[in-house]
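Just below is one structure, and these are the notes that go with it.
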Amino acid sequence: MPAGPLRYAVGFNFTHEKLSDQPDADQQAGNVVGGIQQSAVDASRNEKAVFAELQIPVLTNLEAQVAVRYDKYPSE
């Protein structure tokens, strides 16, 4: 382009998260002084994303940028 090169970036992201917390029976029953009653948790989820960016030189001292992103989280 007359004002400089057109630049772009594309990418993706995949993340797997896992949470596991197994409190003892007294903690789950609320029998621990100064603690809170807590349930056992065993969960996981996958997140996915794709993105694209475009840098457009308008003038030698001015550029425009355009970016898009799509994220997918599990619905519950």
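Going by the structure tokens order, chains are called A, B, ..., each with residues numbered from 1, while ligands are numbered from 1 in the order shown.
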(message) Excluding range 36-46 of chain A and its own-chain neighbours fewer than 2 positions away, which residues fall within 12 Å of it when counting only C-alpha atoms? Please give them as a ChimeraX atom specification.
(response) /A:13-34,48-49,71-76
(request) Considering only C-alpha atoms, return as number ranges by chain whatever protein or nucleic-acid residues lie within 12 Å of Phe51 in chain A, sequence-local ones (same chain, fewer than 4 positions apart) excluded. (result) A: 8-14, 66-72
(request) Would you mind writing down, as number ranges by chain, each residue of chain A that DSSP on the backbone assigns to alpha helix (DSSP H)? (result) A: 25-29
(request) Please measure the separation of CA of Pro2 in chain A and CA of Glu53 in chain A, giving the value in Å to one decimal. (result) 20.1 Å
Using the chain letters and numbers from this document, which residues of chain A does DSSP assign to strand (DSSP E), as a compact mmCIF listing (two decimals) with all heavy atoms, in the first residue's frame?
```txt
# COMPACT_ATOMS: atom_id res chain seq x y z
N ARG A 7 -0.73 -5.25 7.53
CA ARG A 7 -0.32 -6.32 8.44
C ARG A 7 -1.56 -7.01 9.01
O ARG A 7 -2.60 -6.38 9.20
CB ARG A 7 0.52 -5.74 9.57
CG ARG A 7 1.80 -5.14 9.07
CD ARG A 7 2.64 -4.64 10.21
NE ARG A 7 3.91 -4.18 9.67
CZ ARG A 7 4.48 -3.04 10.00
NH1 ARG A 7 3.90 -2.24 10.87
NH2 ARG A 7 5.62 -2.69 9.46
N TYR A 8 -1.39 -8.30 9.29
CA TYR A 8 -2.51 -9.05 9.84
C TYR A 8 -2.01 -10.08 10.84
O TYR A 8 -0.82 -10.45 10.85
CB TYR A 8 -3.31 -9.75 8.74
CG TYR A 8 -2.57 -10.87 8.08
CD1 TYR A 8 -2.73 -12.18 8.52
CD2 TYR A 8 -1.70 -10.64 7.01
CE1 TYR A 8 -2.04 -13.22 7.93
CE2 TYR A 8 -1.01 -11.66 6.42
CZ TYR A 8 -1.18 -12.96 6.87
OH TYR A 8 -0.49 -13.99 6.29
N ALA A 9 -2.91 -10.54 11.67
CA ALA A 9 -2.64 -11.62 12.61
C ALA A 9 -3.91 -12.44 12.77
O ALA A 9 -5.01 -11.90 12.77
CB ALA A 9 -2.21 -11.06 13.96
N VAL A 10 -3.75 -13.74 12.85
CA VAL A 10 -4.86 -14.64 13.11
C VAL A 10 -4.40 -15.66 14.14
O VAL A 10 -3.21 -15.96 14.25
CB VAL A 10 -5.36 -15.36 11.83
CG1 VAL A 10 -5.98 -14.39 10.86
CG2 VAL A 10 -4.24 -16.13 11.18
N GLY A 11 -5.32 -16.17 14.90
CA GLY A 11 -4.93 -17.17 15.89
C GLY A 11 -6.13 -17.85 16.51
O GLY A 11 -7.28 -17.52 16.22
N PHE A 12 -5.82 -18.79 17.36
CA PHE A 12 -6.87 -19.52 18.07
C PHE A 12 -6.36 -19.86 19.46
O PHE A 12 -5.16 -19.84 19.73
CB PHE A 12 -7.27 -20.79 17.32
CG PHE A 12 -6.20 -21.84 17.28
CD1 PHE A 12 -6.15 -22.84 18.23
CD2 PHE A 12 -5.22 -21.81 16.29
CE1 PHE A 12 -5.15 -23.79 18.21
CE2 PHE A 12 -4.22 -22.76 16.26
CZ PHE A 12 -4.19 -23.75 17.21
N ASN A 13 -7.29 -20.18 20.33
CA ASN A 13 -6.96 -20.55 21.69
C ASN A 13 -7.89 -21.67 22.13
O ASN A 13 -9.09 -21.65 21.85
CB ASN A 13 -7.13 -19.34 22.62
CG ASN A 13 -6.74 -19.65 24.04
OD1 ASN A 13 -5.63 -20.11 24.29
ND2 ASN A 13 -7.63 -19.39 24.98
N PHE A 14 -7.33 -22.66 22.79
CA PHE A 14 -8.12 -23.74 23.38
C PHE A 14 -7.63 -23.91 24.82
O PHE A 14 -6.43 -24.06 25.05
CB PHE A 14 -7.96 -25.05 22.62
CG PHE A 14 -8.70 -26.19 23.27
CD1 PHE A 14 -10.05 -26.34 23.08
CD2 PHE A 14 -8.04 -27.08 24.09
CE1 PHE A 14 -10.74 -27.36 23.70
CE2 PHE A 14 -8.71 -28.12 24.71
CZ PHE A 14 -10.08 -28.26 24.50
N THR A 15 -8.56 -23.85 25.77
CA THR A 15 -8.19 -23.98 27.18
C THR A 15 -9.09 -25.03 27.84
O THR A 15 -10.30 -25.03 27.63
CB THR A 15 -8.38 -22.63 27.91
OG1 THR A 15 -7.62 -21.64 27.25
CG2 THR A 15 -7.93 -22.73 29.35
N HIS A 16 -8.46 -25.89 28.61
CA HIS A 16 -9.20 -26.87 29.41
C HIS A 16 -8.95 -26.54 30.87
O HIS A 16 -7.80 -26.47 31.30
CB HIS A 16 -8.73 -28.29 29.10
CG HIS A 16 -9.37 -29.33 29.97
ND1 HIS A 16 -10.68 -29.74 29.78
CD2 HIS A 16 -8.92 -30.00 31.04
CE1 HIS A 16 -10.98 -30.65 30.71
NE2 HIS A 16 -9.92 -30.82 31.48
N GLU A 17 -10.03 -26.30 31.61
CA GLU A 17 -9.92 -26.00 33.04
C GLU A 17 -10.57 -27.11 33.84
O GLU A 17 -11.62 -27.64 33.45
CB GLU A 17 -10.62 -24.68 33.37
CG GLU A 17 -9.97 -23.48 32.75
CD GLU A 17 -10.71 -22.19 33.08
OE1 GLU A 17 -11.94 -22.25 33.30
OE2 GLU A 17 -10.07 -21.14 33.10
N LYS A 18 -9.94 -27.46 34.95
CA LYS A 18 -10.47 -28.50 35.83
C LYS A 18 -10.36 -28.02 37.26
O LYS A 18 -9.35 -27.45 37.66
CB LYS A 18 -9.69 -29.79 35.64
CG LYS A 18 -10.22 -30.94 36.47
CD LYS A 18 -9.57 -32.24 36.07
CE LYS A 18 -9.98 -33.38 36.95
NZ LYS A 18 -11.37 -33.72 36.93
N LEU A 19 -11.42 -28.24 38.03
CA LEU A 19 -11.45 -27.88 39.44
C LEU A 19 -11.91 -29.08 40.24
O LEU A 19 -12.96 -29.66 39.95
CB LEU A 19 -12.39 -26.70 39.68
CG LEU A 19 -12.63 -26.31 41.14
CD1 LEU A 19 -11.33 -25.83 41.78
CD2 LEU A 19 -13.69 -25.24 41.24
N SER A 20 -11.12 -29.46 41.22
CA SER A 20 -11.48 -30.56 42.09
C SER A 20 -11.12 -30.18 43.52
O SER A 20 -9.97 -29.85 43.80
CB SER A 20 -10.73 -31.83 41.67
OG SER A 20 -11.09 -32.90 42.52
N ASP A 21 -12.11 -30.18 44.40
CA ASP A 21 -11.90 -29.85 45.80
C ASP A 21 -12.72 -30.83 46.62
O ASP A 21 -13.95 -30.88 46.50
CB ASP A 21 -12.33 -28.41 46.08
CG ASP A 21 -11.95 -27.95 47.47
OD1 ASP A 21 -11.24 -28.68 48.18
OD2 ASP A 21 -12.39 -26.85 47.86
N VAL A 41 -16.47 -30.44 45.09
CA VAL A 41 -16.57 -29.94 43.72
C VAL A 41 -15.67 -30.78 42.83
O VAL A 41 -14.52 -31.06 43.18
CB VAL A 41 -16.14 -28.46 43.63
CG1 VAL A 41 -16.14 -27.99 42.19
CG2 VAL A 41 -17.02 -27.60 44.48
N ASP A 42 -16.19 -31.19 41.69
CA ASP A 42 -15.39 -31.86 40.67
C ASP A 42 -15.98 -31.45 39.32
O ASP A 42 -17.02 -31.97 38.92
CB ASP A 42 -15.42 -33.37 40.86
CG ASP A 42 -14.42 -34.08 39.97
OD1 ASP A 42 -13.52 -33.41 39.43
OD2 ASP A 42 -14.53 -35.32 39.82
N ALA A 43 -15.35 -30.50 38.67
CA ALA A 43 -15.92 -29.94 37.44
C ALA A 43 -14.80 -29.62 36.45
O ALA A 43 -13.65 -29.46 36.82
CB ALA A 43 -16.72 -28.68 37.74
N SER A 44 -15.17 -29.53 35.18
CA SER A 44 -14.22 -29.11 34.15
C SER A 44 -14.99 -28.45 33.01
O SER A 44 -16.20 -28.61 32.89
CB SER A 44 -13.42 -30.31 33.62
OG SER A 44 -14.28 -31.21 32.95
N ARG A 45 -14.25 -27.69 32.21
CA ARG A 45 -14.86 -27.06 31.04
C ARG A 45 -13.79 -26.79 29.99
O ARG A 45 -12.60 -26.68 30.30
CB ARG A 45 -15.58 -25.76 31.40
CG ARG A 45 -14.67 -24.63 31.79
CD ARG A 45 -15.47 -23.37 32.09
NE ARG A 45 -14.58 -22.27 32.43
CZ ARG A 45 -14.98 -21.06 32.69
NH1 ARG A 45 -16.28 -20.77 32.64
NH2 ARG A 45 -14.13 -20.11 32.99
N ASN A 46 -14.23 -26.68 28.75
CA ASN A 46 -13.37 -26.33 27.63
C ASN A 46 -13.81 -24.97 27.09
O ASN A 46 -15.00 -24.72 26.95
CB ASN A 46 -13.46 -27.37 26.50
CG ASN A 46 -12.92 -28.71 26.93
OD1 ASN A 46 -11.95 -28.79 27.68
ND2 ASN A 46 -13.53 -29.77 26.46
N GLU A 47 -12.84 -24.13 26.79
CA GLU A 47 -13.12 -22.84 26.17
C GLU A 47 -12.36 -22.77 24.86
O GLU A 47 -11.23 -23.21 24.77
CB GLU A 47 -12.66 -21.70 27.08
CG GLU A 47 -13.34 -21.70 28.43
CD GLU A 47 -12.36 -21.41 29.55
OE1 GLU A 47 -11.28 -20.88 29.30
OE2 GLU A 47 -12.70 -21.74 30.68
N LYS A 48 -13.00 -22.20 23.84
CA LYS A 48 -12.39 -22.08 22.52
C LYS A 48 -12.52 -20.65 22.04
O LYS A 48 -13.52 -19.99 22.34
CB LYS A 48 -13.08 -23.02 21.54
CG LYS A 48 -13.07 -24.47 21.96
CD LYS A 48 -14.00 -25.29 21.11
CE LYS A 48 -14.19 -26.63 21.77
NZ LYS A 48 -15.42 -27.26 21.41
N ALA A 49 -11.54 -20.18 21.29
CA ALA A 49 -11.59 -18.82 20.75
C ALA A 49 -10.80 -18.75 19.46
O ALA A 49 -9.81 -19.47 19.28
CB ALA A 49 -11.03 -17.82 21.75
N VAL A 50 -11.25 -17.89 18.55
CA VAL A 50 -10.51 -17.55 17.34
C VAL A 50 -10.50 -16.04 17.22
O VAL A 50 -11.42 -15.36 17.68
CB VAL A 50 -11.11 -18.19 16.07
CG1 VAL A 50 -11.00 -19.70 16.10
CG2 VAL A 50 -12.55 -17.78 15.87
N PHE A 51 -9.44 -15.50 16.61
CA PHE A 51 -9.37 -14.06 16.46
C PHE A 51 -8.62 -13.69 15.19
O PHE A 51 -7.86 -14.49 14.64
CB PHE A 51 -8.70 -13.40 17.68
CG PHE A 51 -7.25 -13.80 17.86
CD1 PHE A 51 -6.24 -13.09 17.24
CD2 PHE A 51 -6.92 -14.87 18.66
CE1 PHE A 51 -4.91 -13.45 17.40
CE2 PHE A 51 -5.60 -15.24 18.84
CZ PHE A 51 -4.59 -14.52 18.21
N ALA A 52 -8.86 -12.46 14.73
CA ALA A 52 -8.16 -11.92 13.56
C ALA A 52 -8.01 -10.41 13.76
O ALA A 52 -8.89 -9.76 14.32
CB ALA A 52 -8.95 -12.19 12.29
N GLU A 53 -6.87 -9.90 13.35
CA GLU A 53 -6.58 -8.47 13.44
C GLU A 53 -6.01 -7.99 12.11
O GLU A 53 -5.28 -8.72 11.45
CB GLU A 53 -5.56 -8.20 14.55
CG GLU A 53 -6.00 -8.65 15.91
CD GLU A 53 -4.92 -8.49 16.97
OE1 GLU A 53 -3.91 -7.81 16.69
OE2 GLU A 53 -5.08 -9.05 18.06
N LEU A 54 -6.32 -6.76 11.77
CA LEU A 54 -5.83 -6.17 10.53
C LEU A 54 -5.36 -4.74 10.82
O LEU A 54 -6.09 -3.96 11.43
CB LEU A 54 -6.95 -6.15 9.48
CG LEU A 54 -6.61 -5.69 8.08
CD1 LEU A 54 -5.55 -6.57 7.45
CD2 LEU A 54 -7.86 -5.67 7.22
N GLN A 55 -4.13 -4.44 10.43
CA GLN A 55 -3.56 -3.10 10.60
C GLN A 55 -3.44 -2.48 9.20
O GLN A 55 -2.75 -3.01 8.34
CB GLN A 55 -2.19 -3.19 11.26
CG GLN A 55 -1.55 -1.87 11.49
CD GLN A 55 -0.18 -2.02 12.15
OE1 GLN A 55 0.25 -3.12 12.49
NE2 GLN A 55 0.50 -0.93 12.31
N ILE A 56 -4.13 -1.36 9.00
CA ILE A 56 -4.23 -0.73 7.68
C ILE A 56 -3.56 0.64 7.73
O ILE A 56 -4.04 1.53 8.44
CB ILE A 56 -5.71 -0.57 7.26
CG1 ILE A 56 -6.43 -1.91 7.38
CG2 ILE A 56 -5.82 0.03 5.87
CD1 ILE A 56 -7.93 -1.80 7.39
N PRO A 57 -2.49 0.84 6.99
CA PRO A 57 -1.87 2.17 6.96
C PRO A 57 -2.70 3.11 6.08
O PRO A 57 -2.90 2.86 4.89
CB PRO A 57 -0.49 1.91 6.36
CG PRO A 57 -0.65 0.66 5.56
CD PRO A 57 -1.72 -0.14 6.22
N VAL A 58 -3.22 4.17 6.68
CA VAL A 58 -4.05 5.13 5.94
C VAL A 58 -3.15 6.23 5.37
O VAL A 58 -3.21 6.54 4.18
CB VAL A 58 -5.13 5.73 6.87
CG1 VAL A 58 -5.98 6.75 6.12
CG2 VAL A 58 -6.00 4.61 7.45
N LEU A 59 -2.34 6.83 6.23
CA LEU A 59 -1.32 7.80 5.84
C LEU A 59 0.00 7.34 6.45
O LEU A 59 0.03 6.40 7.24
CB LEU A 59 -1.68 9.20 6.37
CG LEU A 59 -3.05 9.76 5.95
CD1 LEU A 59 -3.35 11.03 6.74
CD2 LEU A 59 -3.06 10.03 4.46
N LEU A 62 -0.64 7.71 10.14
CA LEU A 62 -1.97 7.32 10.63
C LEU A 62 -2.29 5.92 10.15
O LEU A 62 -2.12 5.60 8.97
CB LEU A 62 -3.04 8.30 10.11
CG LEU A 62 -4.48 7.99 10.50
CD1 LEU A 62 -4.68 8.16 12.00
CD2 LEU A 62 -5.44 8.88 9.72
N GLU A 63 -2.74 5.08 11.09
CA GLU A 63 -3.14 3.73 10.72
C GLU A 63 -4.48 3.40 11.38
O GLU A 63 -4.85 3.98 12.39
CB GLU A 63 -2.10 2.69 11.14
CG GLU A 63 -1.91 2.57 12.62
CD GLU A 63 -0.80 1.62 12.99
OE1 GLU A 63 0.22 1.55 12.30
OE2 GLU A 63 -0.97 0.94 14.02
N ALA A 64 -5.18 2.48 10.78
CA ALA A 64 -6.46 1.99 11.33
C ALA A 64 -6.27 0.52 11.69
O ALA A 64 -5.50 -0.19 11.05
CB ALA A 64 -7.57 2.15 10.30
N GLN A 65 -6.98 0.10 12.73
CA GLN A 65 -6.92 -1.29 13.13
C GLN A 65 -8.33 -1.85 13.26
O GLN A 65 -9.22 -1.18 13.78
CB GLN A 65 -6.18 -1.44 14.46
CG GLN A 65 -4.72 -1.07 14.35
CD GLN A 65 -3.98 -1.31 15.65
OE1 GLN A 65 -4.58 -1.43 16.71
NE2 GLN A 65 -2.67 -1.37 15.57
N VAL A 66 -8.48 -3.06 12.79
CA VAL A 66 -9.75 -3.77 12.87
C VAL A 66 -9.45 -5.13 13.52
O VAL A 66 -8.49 -5.79 13.15
CB VAL A 66 -10.35 -3.98 11.47
CG1 VAL A 66 -11.65 -4.76 11.55
CG2 VAL A 66 -10.55 -2.66 10.77
N ALA A 67 -10.28 -5.50 14.48
CA ALA A 67 -10.07 -6.78 15.15
C ALA A 67 -11.42 -7.43 15.43
O ALA A 67 -12.40 -6.76 15.73
CB ALA A 67 -9.31 -6.57 16.46
N VAL A 68 -11.45 -8.75 15.31
CA VAL A 68 -12.63 -9.54 15.65
C VAL A 68 -12.19 -10.72 16.50
O VAL A 68 -11.07 -11.20 16.37
CB VAL A 68 -13.41 -10.02 14.41
CG1 VAL A 68 -14.00 -8.85 13.65
CG2 VAL A 68 -12.55 -10.87 13.52
N ARG A 69 -13.08 -11.16 17.36
CA ARG A 69 -12.79 -12.30 18.22
C ARG A 69 -14.10 -13.02 18.51
O ARG A 69 -15.14 -12.39 18.71
CB ARG A 69 -12.15 -11.84 19.53
CG ARG A 69 -11.81 -12.98 20.46
CD ARG A 69 -11.13 -12.48 21.73
NE ARG A 69 -10.86 -13.60 22.60
CZ ARG A 69 -9.67 -14.16 22.76
NH1 ARG A 69 -8.64 -13.70 22.09
NH2 ARG A 69 -9.52 -15.18 23.58
N TYR A 70 -14.02 -14.34 18.54
CA TYR A 70 -15.18 -15.17 18.90
C TYR A 70 -14.75 -16.13 20.00
O TYR A 70 -13.76 -16.86 19.84
CB TYR A 70 -15.70 -15.94 17.69
CG TYR A 70 -16.80 -16.90 18.03
CD1 TYR A 70 -18.09 -16.43 18.27
CD2 TYR A 70 -16.56 -18.25 18.15
CE1 TYR A 70 -19.11 -17.30 18.62
CE2 TYR A 70 -17.57 -19.14 18.49
CZ TYR A 70 -18.84 -18.65 18.72
OH TYR A 70 -19.85 -19.51 19.07
N ASP A 71 -15.46 -16.11 21.12
CA ASP A 71 -15.19 -17.00 22.23
C ASP A 71 -16.37 -17.93 22.44
O ASP A 71 -17.52 -17.50 22.36
CB ASP A 71 -14.97 -16.21 23.54
CG ASP A 71 -13.70 -15.40 23.51
OD1 ASP A 71 -12.63 -16.00 23.69
OD2 ASP A 71 -13.77 -14.18 23.29
N LYS A 72 -16.10 -19.18 22.73
CA LYS A 72 -17.16 -20.16 22.99
C LYS A 72 -16.91 -20.79 24.35
O LYS A 72 -15.89 -21.41 24.60
CB LYS A 72 -17.12 -21.24 21.92
CG LYS A 72 -18.04 -22.41 22.17
CD LYS A 72 -19.24 -22.35 21.32
CE LYS A 72 -20.00 -23.65 21.47
NZ LYS A 72 -21.37 -23.46 21.72
```
